[in-house]
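Engineer: The file below is model_37.txt, compact mmCIF, C-alpha atoms:
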```txt
# COMPACT_ATOMS: atom_id res chain seq x y z
CA MET A 2 16.40 14.11 19.15
CA ALA A 3 16.30 17.32 21.19
CA ARG A 4 16.39 19.39 17.99
CA THR A 5 13.59 20.78 15.85
CA CYS A 6 13.39 19.61 12.26
CA LEU A 7 11.64 20.75 9.09
CA ALA A 8 11.26 18.37 6.17
CA ILE A 9 10.72 20.08 2.82
CA ILE A 10 9.34 17.59 0.31
CA LEU A 11 9.54 18.60 -3.35
CA ALA A 12 6.42 17.24 -5.04
CA ALA A 13 5.77 19.41 -8.09
CA GLY A 14 6.42 16.77 -10.76
CA GLU A 15 3.59 16.52 -13.29
CA GLY A 16 4.08 12.91 -14.31
CA THR A 17 4.79 13.68 -17.97
CA ARG A 18 7.23 10.81 -18.33
CA MET A 19 4.77 8.57 -16.51
CA ARG A 20 2.37 9.22 -19.43
CA SER A 21 -0.23 10.08 -16.80
CA SER A 22 -2.71 12.83 -16.08
CA MET A 23 -2.14 12.19 -12.37
CA PRO A 24 0.68 14.05 -10.56
CA LYS A 25 3.73 11.82 -10.32
CA VAL A 26 3.93 11.72 -6.52
CA LEU A 27 0.39 10.33 -6.28
CA HIS A 28 1.29 7.12 -8.07
CA GLN A 29 1.25 4.35 -5.51
CA VAL A 30 3.81 1.96 -4.12
CA ALA A 31 2.32 -0.77 -1.92
CA GLY A 32 -1.07 0.91 -2.14
CA LEU A 33 0.19 4.25 -0.78
CA PRO A 34 1.00 7.44 -2.76
CA MET A 35 4.73 7.99 -3.01
CA VAL A 36 4.50 11.39 -1.31
CA SER A 37 2.79 9.72 1.66
CA HIS A 38 5.70 7.28 1.96
CA VAL A 39 8.12 10.19 2.18
CA MET A 40 5.93 12.03 4.70
CA ARG A 41 5.81 8.95 6.92
CA VAL A 42 9.56 8.50 6.76
CA SER A 43 9.99 12.16 7.74
CA ALA A 44 7.71 11.68 10.72
CA LYS A 45 9.64 8.59 11.83
CA ALA A 46 12.83 10.65 11.65
CA GLU A 47 11.19 13.05 14.14
CA CYS A 48 10.54 15.88 11.72
CA GLU A 49 7.70 17.60 13.53
CA ALA A 50 7.24 20.13 10.71
CA ILE A 51 6.59 19.02 7.13
CA ALA A 52 6.32 21.36 4.15
CA VAL A 53 5.29 19.95 0.77
CA VAL A 54 6.05 22.00 -2.33
CA THR A 55 3.60 21.34 -5.15
CA GLY A 56 3.12 22.66 -8.66
CA SER A 57 0.33 24.90 -9.82
CA GLY A 58 -3.07 23.25 -9.97
CA SER A 59 -2.09 20.35 -7.73
CA GLU A 60 -5.27 20.19 -5.67
CA ALA A 61 -5.13 16.39 -5.72
CA VAL A 62 -1.66 16.44 -4.12
CA ASN A 63 -2.85 18.95 -1.53
CA THR A 64 -5.73 16.66 -0.59
CA VAL A 65 -3.48 13.61 -0.16
CA VAL A 66 -0.98 15.62 1.90
CA GLN A 67 -3.66 16.96 4.23
CA ASN A 68 -5.21 13.52 4.63
CA GLU A 69 -1.82 12.15 5.56
CA SER A 70 -1.06 14.91 8.07
CA LYS A 71 -3.27 17.82 9.07
CA ALA A 72 -0.16 19.58 10.39
CA ALA A 73 1.67 19.51 7.05
CA GLN A 74 1.95 22.80 5.18
CA VAL A 75 1.57 22.99 1.40
CA TYR A 76 3.41 25.62 -0.64
CA GLU A 77 3.03 26.22 -4.36
CA GLN A 78 5.94 26.63 -6.75
CA THR A 79 4.32 28.84 -9.36
CA GLU A 80 7.34 28.74 -11.72
CA ARG A 81 9.71 25.88 -12.47
CA LEU A 82 13.08 27.52 -11.88
CA GLY A 83 15.11 24.69 -10.36
CA THR A 84 15.39 22.73 -7.15
CA ALA A 85 16.70 25.58 -4.98
CA HIS A 86 13.85 27.76 -6.22
CA ALA A 87 11.43 24.98 -5.23
CA VAL A 88 12.91 24.76 -1.72
CA LEU A 89 12.55 28.53 -1.28
CA ALA A 90 8.84 28.23 -2.06
CA ALA A 91 8.67 27.02 1.55
CA ARG A 92 10.38 30.20 2.83
CA PRO A 93 7.75 30.85 5.55
CA ALA A 94 8.57 27.47 7.07
CA LEU A 95 12.31 28.12 6.82
CA GLU A 96 11.90 31.50 8.52
CA LYS A 97 10.73 29.71 11.67
CA SER A 98 14.41 28.73 12.15
CA PRO A 99 14.27 24.98 12.75
CA ASP A 100 17.51 23.40 13.95
CA ASP A 101 17.57 20.96 11.02
CA VAL A 102 16.19 21.15 7.49
CA LEU A 103 15.81 18.07 5.32
CA VAL A 104 15.24 18.51 1.59
CA LEU A 105 13.51 15.42 0.21
CA PHE A 106 11.77 14.36 -2.98
CA GLY A 107 8.21 13.09 -3.19
CA ASP A 108 9.15 10.34 -5.66
CA THR A 109 11.68 8.46 -3.49
CA PRO A 110 9.46 6.10 -1.46
CA LEU A 111 12.26 3.69 -0.45
CA LEU A 112 14.05 6.19 1.78
CA LYS A 113 14.61 4.95 5.34
CA PRO A 114 14.15 6.98 8.53
CA GLU A 115 17.49 5.76 9.92
CA THR A 116 19.23 7.47 7.01
CA LEU A 117 17.54 10.79 7.75
CA THR A 118 18.43 10.40 11.43
CA GLN A 119 22.05 9.84 10.47
CA MET A 120 22.01 13.05 8.41
CA ARG A 121 20.52 14.95 11.32
CA GLU A 122 23.21 13.61 13.63
CA LYS A 123 25.85 15.08 11.30
CA LEU A 124 24.13 18.46 11.58
CA ALA A 125 24.10 18.13 15.37
CA GLU A 126 27.87 17.52 15.24
CA GLY A 127 28.41 20.82 13.43
CA ALA A 128 27.96 20.22 9.70
CA ALA A 129 26.13 22.96 7.79
CA VAL A 130 25.35 20.79 4.77
CA VAL A 131 25.01 17.01 4.54
CA VAL A 132 24.52 15.36 1.14
CA LEU A 133 23.17 11.84 0.73
CA GLY A 134 25.22 9.79 -1.72
CA PHE A 135 25.26 6.23 -3.04
CA ARG A 136 27.63 3.86 -4.80
CA ALA A 137 26.34 3.38 -8.32
CA GLU A 138 26.79 0.18 -10.28
CA ASP A 139 26.72 2.37 -13.38
CA ALA A 140 27.49 6.01 -12.55
CA THR A 141 26.81 7.32 -16.07
CA GLY A 142 24.71 10.45 -15.90
CA TYR A 143 25.01 10.97 -12.13
CA GLY A 144 26.70 13.85 -10.41
CA ARG A 145 29.87 12.73 -8.59
CA LEU A 146 30.60 13.57 -4.96
CA LEU A 147 34.16 14.83 -4.65
CA GLU A 148 35.65 14.50 -1.18
CA ALA A 149 38.90 15.56 0.46
CA ASP A 150 39.97 14.92 4.04
CA GLY A 151 36.58 13.46 4.87
CA LYS A 152 34.71 16.55 3.66
CA LEU A 153 32.60 17.07 0.56
CA VAL A 154 34.22 19.72 -1.60
CA ALA A 155 32.07 19.64 -4.74
CA ILE A 156 29.33 17.94 -6.70
CA ARG A 157 30.51 17.51 -10.25
CA GLU A 158 27.88 16.89 -12.92
CA HIS A 159 28.72 14.01 -15.25
CA ARG A 160 29.00 16.23 -18.31
CA ASP A 161 31.51 18.48 -16.51
CA ALA A 162 33.56 15.72 -14.89
CA SER A 163 37.11 14.93 -15.93
CA GLU A 164 38.00 11.43 -17.04
CA GLU A 165 39.51 10.78 -13.61
CA GLU A 166 36.39 12.10 -11.83
CA LYS A 167 34.19 9.88 -13.98
CA THR A 168 35.86 6.85 -12.41
CA ILE A 169 34.33 7.85 -9.05
CA ASP A 170 31.30 5.74 -8.19
CA PHE A 171 30.15 7.85 -5.21
CA CYS A 172 27.17 9.72 -6.65
CA ASN A 173 24.72 12.40 -5.62
CA GLY A 174 21.38 11.05 -4.39
CA GLY A 175 19.83 14.54 -4.41
CA ILE A 176 18.63 14.46 -0.80
CA MET A 177 20.21 17.04 1.45
CA ALA A 178 20.25 18.23 5.06
CA LEU A 179 20.93 21.85 6.01
CA ALA A 180 21.63 23.45 9.34
CA GLY A 181 18.68 25.71 10.06
CA SER A 182 20.92 28.54 11.24
CA SER A 183 22.48 28.97 7.78
CA ALA A 184 19.90 27.38 5.47
CA LEU A 185 18.18 30.55 4.25
CA SER A 186 21.38 32.51 3.69
CA LEU A 187 22.90 29.63 1.71
CA LEU A 188 19.77 29.16 -0.40
CA ASP A 189 19.48 32.89 -1.09
CA ALA A 190 23.10 32.94 -2.26
CA ILE A 191 22.40 30.45 -5.06
CA GLY A 192 22.38 32.13 -8.47
CA ASN A 193 21.05 31.15 -11.88
CA ASP A 194 24.07 31.89 -14.06
CA ASN A 195 23.79 28.73 -16.12
CA ALA A 196 22.48 27.58 -19.47
CA LYS A 197 18.94 27.00 -18.20
CA GLY A 198 18.76 30.05 -15.97
CA GLU A 199 17.70 27.87 -13.03
CA TYR A 200 18.62 27.80 -9.35
CA TYR A 201 20.29 24.49 -8.51
CA LEU A 202 20.30 23.15 -4.96
CA THR A 203 23.62 21.39 -5.58
CA ASP A 204 25.32 24.83 -5.75
CA VAL A 205 24.88 25.06 -1.98
CA VAL A 206 27.89 22.75 -1.53
CA GLU A 207 30.28 25.14 -3.22
CA ILE A 208 28.79 28.19 -1.48
CA ALA A 209 29.04 26.58 1.96
CA ASN A 210 32.66 25.61 1.35
CA GLU A 211 33.47 29.17 0.25
CA GLN A 212 32.03 30.41 3.54
CA GLY A 213 34.19 28.01 5.53
CA LEU A 214 31.26 25.89 6.65
CA THR A 215 31.48 22.12 7.10
CA VAL A 216 30.04 20.06 4.26
CA GLU A 217 29.83 16.28 4.51
CA ALA A 218 28.36 13.33 2.65
CA ILE A 219 26.95 10.08 3.96
CA GLU A 220 26.25 6.91 2.02
CA ALA A 221 23.00 5.02 1.48
CA ALA A 222 22.14 2.03 -0.68
CA GLU A 223 21.47 2.89 -4.31
CA THR A 224 17.94 1.49 -4.07
CA GLU A 225 17.12 3.80 -1.17
CA VAL A 226 17.47 6.97 -3.23
CA MET A 227 15.80 5.64 -6.36
CA GLY A 228 13.47 8.22 -7.81
CA VAL A 229 10.52 7.26 -9.99
CA ASN A 230 10.12 8.91 -13.39
CA THR A 231 8.44 6.23 -15.51
CA ARG A 232 5.98 3.37 -15.11
CA ILE A 233 8.94 1.02 -15.48
CA GLY A 234 10.69 2.74 -12.60
CA LEU A 235 7.50 2.56 -10.55
CA ALA A 236 7.34 -1.20 -11.06
CA GLU A 237 11.01 -1.56 -10.08
CA VAL A 238 10.48 0.39 -6.87
CA GLU A 239 7.35 -1.65 -6.06
CA SER A 240 9.34 -4.84 -6.54
CA ILE A 241 12.11 -3.64 -4.21
CA TRP A 242 9.62 -2.49 -1.57
CA GLN A 243 7.80 -5.83 -1.65
CA ARG A 244 11.04 -7.83 -1.47
CA GLU A 245 12.42 -5.81 1.46
CA THR A 246 9.13 -5.99 3.36
CA ARG A 247 8.85 -9.76 2.85
CA VAL A 248 12.38 -10.21 4.20
CA ARG A 249 11.57 -8.02 7.22
CA LEU A 250 8.43 -10.01 7.99
CA MET A 251 10.11 -13.39 7.57
CA SER A 252 12.92 -12.20 9.84
CA SER A 253 10.29 -11.33 12.45
CA GLY A 254 8.80 -14.84 12.40
CA VAL A 255 6.37 -14.98 9.48
CA THR A 256 6.48 -18.04 7.21
CA MET A 257 6.03 -17.49 3.47
CA GLN A 258 5.94 -20.60 1.32
CA ALA A 259 6.51 -18.67 -1.91
CA PRO A 260 7.56 -15.15 -0.86
CA GLU A 261 7.73 -13.74 -4.37
CA THR A 262 3.98 -14.39 -4.82
CA VAL A 263 2.84 -12.58 -1.67
CA PHE A 264 1.93 -8.92 -2.15
CA LEU A 265 1.71 -6.61 0.85
CA ASN A 266 0.30 -3.17 1.52
CA ALA A 267 2.09 -0.31 3.21
CA ASP A 268 0.01 -0.74 6.38
CA THR A 269 -0.16 -4.55 6.51
CA ILE A 270 0.43 -5.92 10.03
CA ILE A 271 1.39 -9.59 10.33
CA GLU A 272 2.42 -11.08 13.66
CA ALA A 273 4.91 -13.85 14.32
CA ASP A 274 4.02 -17.48 13.58
CA VAL A 275 1.63 -16.57 10.78
CA THR A 276 1.90 -18.76 7.68
CA LEU A 277 1.24 -17.33 4.23
CA GLU A 278 0.84 -19.75 1.36
CA GLN A 279 1.40 -18.75 -2.25
CA ASN A 280 -0.45 -16.02 -4.15
CA VAL A 281 -1.86 -14.10 -1.20
CA VAL A 282 -2.68 -10.41 -1.76
CA PHE A 283 -3.13 -7.82 0.99
CA GLY A 284 -5.05 -4.62 0.36
CA PRO A 285 -5.05 -1.75 2.86
CA GLY A 286 -6.02 -2.14 6.49
CA VAL A 287 -5.22 -5.79 7.26
CA THR A 288 -4.00 -7.23 10.55
CA VAL A 289 -3.18 -10.94 10.86
CA LYS A 290 -2.58 -12.20 14.38
CA SER A 291 -0.22 -14.89 15.61
CA GLY A 292 -0.69 -18.46 14.51
CA ALA A 293 -3.11 -17.72 11.68
CA ARG A 294 -2.73 -19.40 8.31
CA ILE A 295 -3.67 -17.67 5.06
CA ARG A 296 -3.99 -20.30 2.39
CA ALA A 297 -3.32 -19.92 -1.31
CA PHE A 298 -5.03 -17.46 -3.66
CA SER A 299 -6.73 -15.41 -0.96
CA HIS A 300 -7.35 -11.64 -1.06
CA LEU A 301 -7.68 -9.59 2.14
CA GLU A 302 -8.61 -5.94 2.58
CA GLY A 303 -9.74 -3.99 5.65
CA ALA A 304 -9.85 -7.16 7.74
CA ILE A 305 -8.71 -8.45 11.13
CA VAL A 306 -7.74 -12.11 11.27
CA GLY A 307 -7.59 -13.53 14.78
CA GLU A 308 -5.10 -15.88 16.36
CA ASN A 309 -4.92 -19.39 14.90
CA ALA A 310 -7.59 -18.62 12.30
CA GLU A 311 -7.47 -20.36 8.94
CA ILE A 312 -8.37 -18.53 5.75
CA GLY A 313 -8.83 -19.97 2.27
CA PRO A 314 -7.78 -21.18 -0.14
CA TYR A 315 -9.54 -18.83 -2.56
CA ALA A 316 -11.11 -16.69 0.16
CA ARG A 317 -11.94 -13.00 -0.05
CA LEU A 318 -12.10 -10.85 3.07
CA ARG A 319 -13.52 -7.39 2.41
CA PRO A 320 -13.50 -4.25 4.59
CA GLY A 321 -15.12 -4.59 7.98
CA THR A 322 -14.33 -8.28 8.40
CA ASP A 323 -13.39 -9.14 11.99
CA LEU A 324 -12.49 -12.78 12.61
CA ALA A 325 -11.91 -13.96 16.16
CA SER A 326 -9.39 -16.61 17.18
CA GLY A 327 -9.80 -20.13 15.87
CA THR A 328 -12.24 -19.18 13.13
CA LYS A 329 -12.21 -20.88 9.76
CA VAL A 330 -13.07 -19.29 6.41
CA GLY A 331 -12.73 -21.76 3.59
CA ASN A 332 -12.86 -22.19 -0.17
CA PHE A 333 -14.57 -19.50 -2.24
CA VAL A 334 -16.01 -17.66 0.75
CA GLU A 335 -16.54 -13.89 0.70
CA ILE A 336 -17.03 -11.93 3.94
CA LYS A 337 -17.78 -8.22 4.25
CA ASN A 338 -18.55 -6.01 7.25
CA ALA A 339 -19.09 -9.00 9.50
CA LYS A 340 -17.89 -10.24 12.88
CA VAL A 341 -17.21 -13.95 13.24
CA ALA A 342 -16.79 -15.11 16.83
CA GLU A 343 -14.30 -17.60 18.22
CA GLY A 344 -14.36 -21.08 16.74
CA ALA A 345 -17.05 -20.37 14.13
CA LYS A 346 -16.72 -21.94 10.67
CA VAL A 347 -17.67 -20.64 7.24
CA ASN A 348 -16.22 -23.37 5.11
CA HIS A 349 -17.23 -23.14 1.48
CA LEU A 350 -18.99 -21.31 -1.33
CA THR A 351 -20.64 -18.75 0.94
CA TYR A 352 -21.30 -15.00 1.15
CA ILE A 353 -21.53 -13.37 4.57
CA GLY A 354 -22.24 -9.62 4.52
CA ASP A 355 -23.38 -7.23 7.27
CA ALA A 356 -23.60 -9.98 9.84
CA GLU A 357 -22.57 -11.23 13.26
CA ILE A 358 -21.85 -14.92 13.75
CA GLY A 359 -21.65 -16.36 17.26
CA GLU A 360 -19.11 -18.69 18.81
CA LYS A 361 -18.78 -22.15 17.26
CA ALA A 362 -21.56 -21.55 14.76
CA ASN A 363 -21.33 -23.57 11.55
CA ILE A 364 -22.30 -22.02 8.24
CA GLY A 365 -23.00 -24.61 5.53
CA ALA A 366 -21.88 -24.50 1.92
CA GLY A 367 -23.75 -22.15 -0.37
CA THR A 368 -25.21 -19.99 2.40
CA ILE A 369 -26.02 -16.40 1.50
CA THR A 370 -26.91 -13.53 3.80
CA CYS A 371 -29.26 -11.48 1.63
CA ASN A 372 -28.22 -8.12 3.06
CA TYR A 373 -29.20 -5.69 0.29
CA ASP A 374 -32.75 -4.84 -0.77
CA GLY A 375 -31.72 -2.67 -3.70
CA MET A 376 -31.47 0.50 -1.64
CA ASN A 377 -30.40 -0.35 1.92
CA LYS A 378 -28.20 -2.83 3.76
CA HIS A 379 -29.64 -4.99 6.56
CA LYS A 380 -28.05 -7.12 9.25
CA THR A 381 -28.08 -10.85 9.92
CA MET A 382 -27.49 -12.16 13.45
CA ILE A 383 -26.47 -15.80 13.89
CA GLY A 384 -26.21 -17.06 17.45
CA ALA A 385 -23.57 -19.16 19.19
CA GLY A 386 -23.63 -22.81 18.22
CA ALA A 387 -26.15 -22.27 15.43
CA PHE A 388 -26.06 -24.58 12.42
CA ILE A 389 -26.96 -23.21 9.00
CA GLY A 390 -27.64 -25.96 6.47
CA SER A 391 -26.20 -25.87 2.97
CA ASN A 392 -27.75 -23.74 0.24
CA SER A 393 -29.68 -21.53 2.66
CA ALA A 394 -30.63 -17.89 2.05
CA LEU A 395 -30.99 -15.72 5.15
CA VAL A 396 -33.01 -12.65 4.18
CA ALA A 397 -31.97 -9.75 6.41
CA PRO A 398 -32.90 -8.32 8.77
CA VAL A 399 -33.13 -11.66 10.48
CA THR A 400 -31.88 -13.35 13.66
CA ILE A 401 -30.98 -17.02 14.07
CA GLY A 402 -30.92 -17.81 17.79
CA ASP A 403 -28.26 -19.60 19.81
CA GLY A 404 -28.19 -23.31 19.05
CA ALA A 405 -30.81 -23.00 16.29
CA TYR A 406 -30.81 -25.11 13.12
CA VAL A 407 -31.69 -23.95 9.63
CA ALA A 408 -32.62 -26.80 7.29
CA SER A 409 -30.68 -27.09 4.04
CA GLY A 410 -32.21 -25.28 1.09
CA SER A 411 -34.28 -22.94 3.24
CA VAL A 412 -35.11 -19.31 2.50
CA ILE A 413 -35.38 -17.78 5.96
CA THR A 414 -37.33 -14.51 6.18
CA ASP A 415 -38.38 -14.64 9.85
CA ASP A 416 -36.35 -15.01 13.03
CA VAL A 417 -35.53 -18.53 14.22
CA PRO A 418 -35.67 -18.78 18.06
CA GLU A 419 -32.82 -20.39 19.95
CA ASN A 420 -32.62 -24.17 19.79
CA SER A 421 -35.37 -24.24 17.15
CA LEU A 422 -35.37 -25.66 13.63
CA GLY A 423 -36.12 -23.22 10.82
CA LEU A 424 -37.49 -24.96 7.73
CA ALA A 425 -38.62 -22.93 4.73
CA ARG A 426 -38.82 -24.85 1.48
CA GLY A 427 -41.49 -26.36 -0.76
CA LYS A 428 -42.81 -29.82 0.04
CA GLN A 429 -41.33 -32.56 -2.17
CA VAL A 430 -43.76 -34.33 -4.52
CA ASN A 431 -42.80 -37.49 -6.52
CA LYS A 432 -44.64 -38.25 -9.83
CA ASP A 433 -44.44 -41.93 -10.78
CA ASN A 434 -43.00 -42.61 -14.27
CA ARG A 435 -42.92 -38.90 -15.09
CA ALA A 436 -39.17 -39.13 -15.87
CA VAL A 437 -39.91 -41.60 -18.70
CA GLU A 438 -42.45 -39.20 -20.22
CA ILE A 439 -39.99 -36.30 -20.01
CA ARG A 440 -37.22 -38.26 -21.72
CA GLU A 441 -39.56 -39.35 -24.55
CA ARG A 442 -40.80 -35.80 -25.08
CA ASN A 443 -37.28 -34.40 -25.11
CA ALA A 444 -36.16 -37.04 -27.62
CA GLN A 445 -39.02 -36.12 -29.96
CA LEU A 446 -38.16 -32.40 -29.73
CA LYS A 447 -34.50 -33.14 -30.50
CA GLU A 448 -35.41 -35.29 -33.52
CA HIS A 449 -37.71 -32.53 -34.83
CA ARG A 450 -34.97 -29.89 -34.52
CA ASN A 451 -32.46 -32.10 -36.32
CA LYS A 452 -34.89 -32.64 -39.26
CA THR A 453 -35.73 -28.94 -39.65
CA SER A 454 -32.07 -27.90 -39.54
CA ARG A 455 -31.04 -30.12 -42.45
```
Rewrite the coordinates I just gave you, this time as structure tokens.
Structural biologist:
Amino acid sequence: MARTCLAIILAAGEGTRMRSSMPKVLHQVAGLPMVSHVMRVSAKAECEAIAVVTGSGSEAVNTVVQNESKAAQVYEQTERLGTAHAVLAARPALEKSPDDVLVLFGDTPLLKPETLTQMREKLAEGAAVVVLGFRAEDATGYGRLLEADGKLVAIREHRDASEEEKTIDFCNGGIMALAGSSALSLLDAIGNDNAKGEYYLTDVVEIANEQGLTVEAIEAAETEVMGVNTRIGLAEVESIWQRETRVRLMSSGVTMQAPETVFLNADTIIEADVTLEQNVVFGPGVTVKSGARIRAFSHLEGAIVGENAEIGPYARLRPGTDLASGTKVGNFVEIKNAKVAEGAKVNHLTYIGDAEIGEKANIGAGTITCNYDGMNKHKTMIGAGAFIGSNSALVAPVTIGDGAYVASGSVITDDVPENSLGLARGKQVNKDNRAVEIRERNAQLKEHRNKTSR
């Protein structure tokens, strides 16, 4: 849009009802703090300026905000005197006279950018105030939006509503858009002549109407404006976010065998023709490319999964994992900070850390890259076409050359040249009849223990 926009995000909640020492807006949905969700939605709605209003002593919120956007400004509400008072804490940002001002809440992570764009379009058409409403299944306790001739004339709190007004199901979602040209004058006109002595943002509707300005309301889904006040509410919002994201991914071409058991992160990227089996969990920073299959009970974080790769079941991909196309990572395999080239296989019961594995290499069951010496991490290099036998320990730093073999059960501490066989295990010795002696001795020990325990 060819209009400037300021988003003011109110984020001063202390989390008292969450029974938490952490500020409410830092509680996470899909692995991302709620305030970060709202900041990202604002950015997608082309709000180039973002002001976040925090409470006193909210250094943790400030840190998250700055990490999310270096351009965001943080303002402190030193006293809790109502929502309008909180908005005016960002007065320096308002004084820059943006075309549009959006007033948002840091605990509404399900808000959609299209909704904010629709509110901005109403401002562009001449509205001075736009209120976001929703149709409530149970409107008890919500302020009602009273309209006449397509305009919003009042917001009536539930306790003040007449019996007829209480039948209205169009309710106030709290989120508001203000024309920048009149925003400050409207906010400054709000008084605190009420039982709590607070400055309520909802009063701006009545003030704007008195001044002959246009006030409108638009409608969003009830879930979109859900605010989080308790741990129960947090879980409900998480469930909605997961469900909506699963539907979006399946609509884009992702197969989920048991969608309700797949848990996604806010930044998860999954391309078309990926198949997700049941009980797959995505942490932050995962990209899964087309044609890959993530099998059941796998956990991925900070990983890239290449085209047509197969992962799991029961695999764990940790940060720094980069799997090329056609790779296979099988049962009970853990990979961290490692690159696995095209067509390589790490099939079972294996740990690969701080390593590079070449094309079409085969890593046998029970292989361990011994990457940590107690103080420092070291790298293992495995060449293209190499074959690592089962139950091998590769003590880093070490290089296994292209086409090399490592014999099963070996502890490799030196480099293995290409096309060579590395063999590092004790020589087998057979003792004739020794098994009979061992069984007899063990039987005698068992009989002795049984006698002494009586």
Engineer: Write out as an MDAnalysis selection string the residues lying within 6 Å of Ser291 in chain A, counting all atoms listed in the file and excluding same-chain residues fewer than 6 positions away.
Structural biologist: chainID A and resid 272:275 308
Engineer: Near Asp403 in chain A, within 8 Å and counting all atoms listed in the file, which residues show up once chain neighbours fewer than 6 positions away are dropped, as a list of chain:residue names?
Structural biologist: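 Listing them by chain and then by number gives A:Gly359, A:Ile383, A:Gly384, A:Ala385, A:Gly386, A:Ala387, A:Pro418, A:Glu419, A:Asn420.
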Engineer: Would you pick out the contacts of range 35-43 of chain A at 6 Å or less, using only C-alpha atoms, so that residues sharing its chain but fewer than 3 positions from it are not included, and give the list as a PyMOL selection string?
Structural biologist: chain A and resi 26-27+29+46+48+107-108+110+114
Engineer: Contacts of Phe264 in chain A at 12 Å or less, counting all atoms listed in the file, minus same-chain residues fewer than 2 places along, as a PyMOL selection string?
Structural biologist: chain A and resi 30-32+239-247+257+259-262+266-269+277-285+298-302
Engineer: Given the selection you just returned, output its residues as a file containing C-alpha atoms, formatted as a PDB file, in the coordinates of the input.
Structural biologist:
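The result, stored in again16.pdb:
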```pdb
ATOM      1  CA  VAL A  30       3.810   1.960  -4.120  1.00  0.00           C
ATOM      2  CA  ALA A  31       2.320  -0.770  -1.920  1.00  0.00           C
ATOM      3  CA  GLY A  32      -1.070   0.910  -2.140  1.00  0.00           C
ATOM      4  CA  GLU A 239       7.350  -1.650  -6.060  1.00  0.00           C
ATOM      5  CA  SER A 240       9.340  -4.840  -6.540  1.00  0.00           C
ATOM      6  CA  ILE A 241      12.110  -3.640  -4.210  1.00  0.00           C
ATOM      7  CA  TRP A 242       9.620  -2.490  -1.570  1.00  0.00           C
ATOM      8  CA  GLN A 243       7.800  -5.830  -1.650  1.00  0.00           C
ATOM      9  CA  ARG A 244      11.040  -7.830  -1.470  1.00  0.00           C
ATOM     10  CA  GLU A 245      12.420  -5.810   1.460  1.00  0.00           C
ATOM     11  CA  THR A 246       9.130  -5.990   3.360  1.00  0.00           C
ATOM     12  CA  ARG A 247       8.850  -9.760   2.850  1.00  0.00           C
ATOM     13  CA  MET A 257       6.030 -17.490   3.470  1.00  0.00           C
ATOM     14  CA  ALA A 259       6.510 -18.670  -1.910  1.00  0.00           C
ATOM     15  CA  PRO A 260       7.560 -15.150  -0.860  1.00  0.00           C
ATOM     16  CA  GLU A 261       7.730 -13.740  -4.370  1.00  0.00           C
ATOM     17  CA  THR A 262       3.980 -14.390  -4.820  1.00  0.00           C
ATOM     18  CA  ASN A 266       0.300  -3.170   1.520  1.00  0.00           C
ATOM     19  CA  ALA A 267       2.090  -0.310   3.210  1.00  0.00           C
ATOM     20  CA  ASP A 268       0.010  -0.740   6.380  1.00  0.00           C
ATOM     21  CA  THR A 269      -0.160  -4.550   6.510  1.00  0.00           C
ATOM     22  CA  LEU A 277       1.240 -17.330   4.230  1.00  0.00           C
ATOM     23  CA  GLU A 278       0.840 -19.750   1.360  1.00  0.00           C
ATOM     24  CA  GLN A 279       1.400 -18.750  -2.250  1.00  0.00           C
ATOM     25  CA  ASN A 280      -0.450 -16.020  -4.150  1.00  0.00           C
ATOM     26  CA  VAL A 281      -1.860 -14.100  -1.200  1.00  0.00           C
ATOM     27  CA  VAL A 282      -2.680 -10.410  -1.760  1.00  0.00           C
ATOM     28  CA  PHE A 283      -3.130  -7.820   0.990  1.00  0.00           C
ATOM     29  CA  GLY A 284      -5.050  -4.620   0.360  1.00  0.00           C
ATOM     30  CA  PRO A 285      -5.050  -1.750   2.860  1.00  0.00           C
ATOM     31  CA  PHE A 298      -5.030 -17.460  -3.660  1.00  0.00           C
ATOM     32  CA  SER A 299      -6.730 -15.410  -0.960  1.00  0.00           C
ATOM     33  CA  HIS A 300      -7.350 -11.640  -1.060  1.00  0.00           C
ATOM     34  CA  LEU A 301      -7.680  -9.590   2.140  1.00  0.00           C
ATOM     35  CA  GLU A 302      -8.610  -5.940   2.580  1.00  0.00           C
TER      36      GLU A 302
END
```
Engineer: Of the residues A:Glu69, A:Glu122, A:Glu360, A:Asp355, which is the one nearest to Glu217 in chain A, using all atoms listed in the file?
Structural biologist: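 Smallest distance to Glu217 in chain A is found for A:Glu122.
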Engineer: Tell me, as a tab-separated table (two decimals) with C-alpha atoms, in the coordinates of the input, which residues lie within 8 Å of Arg4 in chain A, counting all atoms listed in the file; anything in the same chain fewer than 6 positions away does not count.
Structural biologist:
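Okay, part-v1.tsv is ready:
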```tsv
chain	number	residue	atom	x	y	z
A	99	PRO	CA	14.27	24.98	12.75
A	100	ASP	CA	17.51	23.40	13.95
A	101	ASP	CA	17.57	20.96	11.02
```
Engineer: Which is closest to Asn173 in chain A among A:Asn392, A:Thr203, A:Thr215, A:Asn195, if we use all atoms listed in the file?
Structural biologist: A:Thr203
Engineer: My list of candidates is A:Leu7, A:Gly402, A:Ser393, A:Glu138. Which is closest to Leu105 in chain A when distances are computed with all atoms listed in the file?
Structural biologist: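 Looking at the shortest contact to Leu105 in chain A, the residue is A:Leu7.
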Engineer: May I ask for the distance between CA of Gly151 in chain A and CA of Ile219 in chain A, given in Å to one decimal place?
Structural biologist: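 Distance between the two atoms: 10.2 Å.
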